[in-house]
Amino acid sequence: MAANFQSAIFFPPNLIYLVLPFHIAWTILIVSQPILATVGMYLLLKKLFNDSSLTHQRINALTIIFLSLMYGFSAWMSVWIEWNIHGFVYALLPWALLFIFRRRTILTILTISVIIFAGHPQMALIGITALLIASVVWRKFKWMVGVLSIVMLITAVQWWPAMKYYQQASREQQSSEFVYSKTLLPWSQISQLIAPNFLGNPATGNFRGAANFVETTAYSGIAILGFALIGLISSKFPYSPLKTKFGLVILGLVILLALPTPVSLLLGRLNIPIFSTSVASRWLMLLPLSLTLLAASGIKHISLSCGAGSRSARRNFQFHLPAIFTFVLIGTLWATALLAPPELRSVAVRNLAIPSGISLLFIFYLVVQSSSKMLQLVHDRKLLVTFIFTLIVFSSIFELILFGWKTMPYTEERFIYPQTPVLEKLQELSRDGSRFAATDGSVLESNFATYYGLYDLSGYDALYPRRIGEFVWTASNNGIPVKDFSRSTVVVPAKPSDSRNNLWNLAGVRWIINKDDMLAEHPGQRFNDLSSDFKLIWEEGKWQIYENTKVYPRAFFTVEISPVKQDRIPLIAPAEITSYQSNVVEITVDAPSDGYLVLTDTFYPGWKASIDGSIVEILPAFGAFRAVQVSKDSHTVRFNL
């Protein structure tokens, strides 16, 4: 687990799991992410844009709160918040930037270390890239190099074993399942950055985008986009502080790396380790950060230029262009929606209503700010401007609340890892460490069984040993060896075949769960493809559990440990596991001849083995499991870390 980043065992907030029930601890961490992000952004904006002795150059408190909330509760946060790792990197970025800007060495070291420990190496790498850019733009690069050197020493306890793990994992190899260019944000799906539900939403079952919804969502509000454009245009003017240049550089980086540009496509073809096997669109994590900083610069520019009473053509251009740009963006989406087929049109039109309303408010706000004729018609210009801006603030926040409510699931406590009859029975049957699988259509969600202490051969992990992938996916391919398999998902074949049964037998899959709606009307009957080798031992409602009578024990003696072929399964004698713990396994075996003691746990460097107290070498059994060579007689075998 120390080698697997996503376990995040060194992430300080995860200590809460040791003192509180899982669902409470998990919920606290979920809720803390947007709050942490909002407070961090508030403090950062206050320092960057209000750190001046000139009162008239400061942004008012309402504006800072507005921008902070739009960052903390952005659509990006909503779609990633459940993972409890990505969101913490996002939330801690403003804090790290604040400490870098203020040159607080210890706080910077601690914050970046926590970002790395949060549990997602790609997000941490993206975040640290942004921090390095900030240190260059803010002229603190040499100091930052020293900070990062200390950070790498502190976090070596995580990344050093992870690098060793990476060399053993399937992640480093290219596969047809993962193509770097397909992980970019398609130009056709860029509408999600303007109106996040324009293409529908998976929560309502009507999403029709080509790329993954979660991976391509980074909306912070159409008003933020408009204000950011003003900040973009005004960045070259004298009263725009140097620190806002950071937002410009980050925006350019996101465009170059997250969208299908020549730069991103070239990087995909170079097959750079780690980089080229990561999801390119995740650079969108930095988009809300850059837009928020640029929006703050834009609002400050509006305040300063209007406050000075200027009516220059240059200033009007800075306001008219964003208004036109916003109108064109929304207009293009409306045209696309109205030309879409009827079944798609209603979804797009419905989800354009709020962004369109906010866009009109934003355009009206700019018109009031820039038009001399409008100002002559208004008795109290300041009051009108404040009123419109307040409407923009509350409608923008309301939009993100609606998006979050649709995207994030809320449920009763009793539905979080519930106790059900079939799971309780599996827990009872699996006390000896035997594994379970499922018939086609009865599969539990990936990694769901882990919480219950059940042993499922399938699952998802960003890093899992390549040997397991080769072993399981070969069984899925009718016993024909494969090198092209999933880099993160192990799916035990459910459809009937000799290879599937051989896999179940050898891997210790003793229990098979089957679900069928017809069982409620016809109890005790067989509506599945299981042969007579599988004995029905339990049934309730739609659920059945069968025992695999041909299964091998989790530990056994054999004379052959070469990779299994479809027509050759090794002869065995059983062995007894006397102690099975996370880091220590003890087995007794009465070997009828010279041969091998096999434990069907993953072969992985770092494990040690002894026979009757004498250290021996661990060998790979059938390409994936552990084995030690034993002589004829009774022995005690011990595996430990």
# chains A, B, ... in the order shown; residues from 1 in each chain; ligands from 1
>>> residues_around(residues="segment 489-497 of chain A", least_positions_apart="6", cutoff="9 Å", atoms="only C-alpha atoms", output="VMD selection string")
chain A and resid 437 to 441 443 446 457 to 462 464 468 to 469 472 to 473 475 to 478 503 to 504 529 to 530
>>> closest_atom_pairs(of="segment 506-550 of chain A", to="segment 618-638 of chain A", cutoff="12 Å", atoms="only C-alpha atoms", output="JSON lines")
{"residue": "A:Leu506", "atom": "CA", "partner": "A:Phe622", "partner_atom": "CA", "distance": 9.4}
{"residue": "A:Ala507", "atom": "CA", "partner": "A:Phe625", "partner_atom": "CA", "distance": 9.0}
{"residue": "A:Gly508", "atom": "CA", "partner": "A:Phe625", "partner_atom": "CA", "distance": 11.6}
>>> residues_around(residues="Trp405 of chain A", least_positions_apart="2", cutoff="12 Å", atoms="only C-alpha atoms", output="ChimeraX atom specification")
/A:73,75,78-79,201,203-204,398-403,407-411
>>> select_by_dssp(residues="segment 85-333 of chain A", states="helix (DSSP H, G or I)", output="ChimeraX atom specification")
/A:86-101,105-117,121-137,141-154,156-168,180-183,187-193,202-204,214-216,222-234,242-258,262-269,275-277,280-307,313-333
>>> atom_distance(atom1="atom CA of Tyr552 of chain A", atom2="atom CA of Ile572 of chain A")
8.3 Å
>>> select_by_dssp(residues="segment 238-468 of chain A", states="strand (DSSP E)", output="ChimeraX atom specification")
/A:435-438,455-456,459-460
>>> closest_residue(among="A:Thr108, A:Gly205, A:Val179, A:Ala130", to="Ser149 of chain A", atoms="only C-alpha atoms")
A:Thr108
>>> closest_residue(among="A:Leu132, A:Ile250, A:Leu184, A:Ala295", to="Ala228 of chain A", atoms="only C-alpha atoms")
A:Ala295
>>> residues_around(residues="Gly127 of chain A", least_positions_apart="4", cutoff="7 Å", atoms="only C-alpha atoms", output="list in words")
Val89, Leu93, Met123 and Leu131 of chain A
>>> closest_residue(among="A:Pro186, A:Ser531, A:Gln6, A:Ser434", to="Ile577 of chain A", atoms="only C-alpha atoms")
A:Ser434
>>> closest_residue(among="A:Ile358, A:Leu426, A:Ile512, A:Ile59", to="Val393 of chain A", atoms="only C-alpha atoms")
A:Ile358
>>> residues_around(residues="Trp543 of chain A", least_positions_apart="3", cutoff="7 Å", atoms="only C-alpha atoms", output="JSON, numbers by chain")
{"A": [422, 514, 515, 516, 539, 540]}
>>> closest_residue(among="A:Gly231, A:Pro418, A:Gly268, A:Gly404", to="Phe178 of chain A", atoms="only C-alpha atoms")
A:Gly268
>>> atom_distance(atom1="atom CA of Leu248 of chain A", atom2="atom CA of Leu286 of chain A")
11.3 Å
>>> atom_distance(atom1="atom CA of Lys425 of chain A", atom2="atom CA of Ala520 of chain A")
18.2 Å
>>> closest_residue(among="A:Ser370, A:Thr277, A:Thr588, A:Asn4", to="Ala162 of chain A", atoms="only C-alpha atoms")
A:Asn4
